[in-house]
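Chemist: One structure follows; several queries about it will come next.
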Amino acid sequence: MFNANLKRRIQLAAILVAGAIVYFWPHSLTDRITENNSLFVTCTTLGAEDGAANNDTQTWESIAVTKDILSLLDEHTFRRNLPFSGSSMMPREKLLVISVYEGGALIDSVIISDSGELSAGGTNYIMNGADAFIGEFIKLIEKAD
């Protein structure tokens with residue numbers, strides 16, 4: 001009896017650990033953005049100047065997904081957030097919105113805050129180095145533009 005209960009507890013613990021590993025497994029943006037897609041990108045820089053709010057927005061339309069863009073997307077992974085953590089997105093200075101199109105139809109949107117929050121498919125994630133990713137991504141799309 002004791003061995004059976006112990007065995008069940010060990011199995012339950014193993015299932016919980018495996019579930020946590022799958023839940024927090026890193027994802028890549030290349031799962032959402034492929035070479036066949038085109039992108040519409042908006043980057044909003046937030047700030048204050050002379051005591052007034054200052055929002056500078058840049059947009060790029062019909063950006064073709066290049067191998068350099070795919071490589072950058074693959075380098076910067078993101079993972080699920082804790083289920084009980086706050087779900088609001090609080091950028092420090094920048095907010096990047098990537099709208100993904102295939103054949104002229106919108107298929108996905110990814111929103112990335114420079115503070116590390118990422119929203120995709122209605123789910124919140126965390127991206128380490130999001131500020132650096134936003135800077136590198138903008139450089140690549142400006143070069144491609």
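Letters for chains follow the order of the structure tokens (A, B, ...), residue numbers begin at 1 for each chain, and ligand numbers begin at 1 in the order shown.
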Counting only C-alpha atoms, what are the residues of range 73-132 of chain A within 12 Å of range 59-65 of chain A, and for each of them which pair of atoms is the nearest and at what distance in Å, to one decimal? Sort the table by chain and rising number, as JSON lines.
Modeler:
{"residue": "A:Leu73", "atom": "CA", "partner": "A:Val65", "partner_atom": "CA", "distance": 10.3}
{"residue": "A:Leu95", "atom": "CA", "partner": "A:Thr59", "partner_atom": "CA", "distance": 11.9}
{"residue": "A:Leu96", "atom": "CA", "partner": "A:Thr59", "partner_atom": "CA", "distance": 9.9}
{"residue": "A:Val97", "atom": "CA", "partner": "A:Thr59", "partner_atom": "CA", "distance": 9.4}
{"residue": "A:Ile98", "atom": "CA", "partner": "A:Trp60", "partner_atom": "CA", "distance": 9.7}
{"residue": "A:Ser99", "atom": "CA", "partner": "A:Glu61", "partner_atom": "CA", "distance": 9.6}
{"residue": "A:Val100", "atom": "CA", "partner": "A:Ile63", "partner_atom": "CA", "distance": 9.7}
{"residue": "A:Tyr101", "atom": "CA", "partner": "A:Ser62", "partner_atom": "CA", "distance": 8.7}
{"residue": "A:Glu102", "atom": "CA", "partner": "A:Ser62", "partner_atom": "CA", "distance": 10.7}
{"residue": "A:Gly103", "atom": "CA", "partner": "A:Ser62", "partner_atom": "CA", "distance": 11.3}
{"residue": "A:Gly104", "atom": "CA", "partner": "A:Ser62", "partner_atom": "CA", "distance": 9.6}
{"residue": "A:Ala105", "atom": "CA", "partner": "A:Ser62", "partner_atom": "CA", "distance": 12.0}
{"residue": "A:Leu106", "atom": "CA", "partner": "A:Ser62", "partner_atom": "CA", "distance": 11.9}
Chemist: What does the file look like for those residues with C-alpha atoms, as an mmCIF file, in the first residue's frame?
Modeler:
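For reference, again_4.cif as written:
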data_model
loop_
_atom_site.group_PDB
_atom_site.id
_atom_site.type_symbol
_atom_site.label_atom_id
_atom_site.label_comp_id
_atom_site.auth_asym_id
_atom_site.auth_seq_id
_atom_site.Cartn_x
_atom_site.Cartn_y
_atom_site.Cartn_z
ATOM 1 C CA LEU A 73 13.541 36.197 -35.166
ATOM 2 C CA LEU A 95 6.237 49.407 -28.472
ATOM 3 C CA LEU A 96 6.657 47.330 -31.647
ATOM 4 C CA VAL A 97 3.631 45.932 -33.474
ATOM 5 C CA ILE A 98 4.265 43.379 -36.232
ATOM 6 C CA SER A 99 1.230 42.547 -38.354
ATOM 7 C CA VAL A 100 1.793 39.390 -40.390
ATOM 8 C CA TYR A 101 0.119 39.028 -43.793
ATOM 9 C CA GLU A 102 -0.101 36.076 -46.142
ATOM 10 C CA GLY A 103 -1.562 36.602 -49.590
ATOM 11 C CA GLY A 104 -2.868 40.021 -48.558
ATOM 12 C CA ALA A 105 -4.797 38.665 -45.543
ATOM 13 C CA LEU A 106 -3.867 39.398 -41.937
#
Chemist: Quick check for you: according to DSSP on this backbone, which residues of range 43-127 of chain A are classed as helix (DSSP H, G or I)? Reply as a PyMOL selection string.
Modeler: chain A and resi 67-75
Chemist: Using only C-alpha atoms, which of the listed residues (A:His76, A:Asn36, A:Lys94, A:Arg8) sits closest to Gln58 in chain A?
Modeler: A:Lys94
Chemist: Between A:Asn37, A:Thr123, A:Ser113, A:Asn81, which is the closest to Glu93 in chain A once you count only C-alpha atoms?
Modeler: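 The closest residue to Glu93 in chain A is A:Ser113.
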Chemist: What residues in chain A get the DSSP label strand (DSSP E or B)? Please answer as a VMD selection string.
Modeler: chain A and resid 27 38 to 49 52 to 64 78 to 80 94 to 102 105 to 113 117 to 120 123 to 126
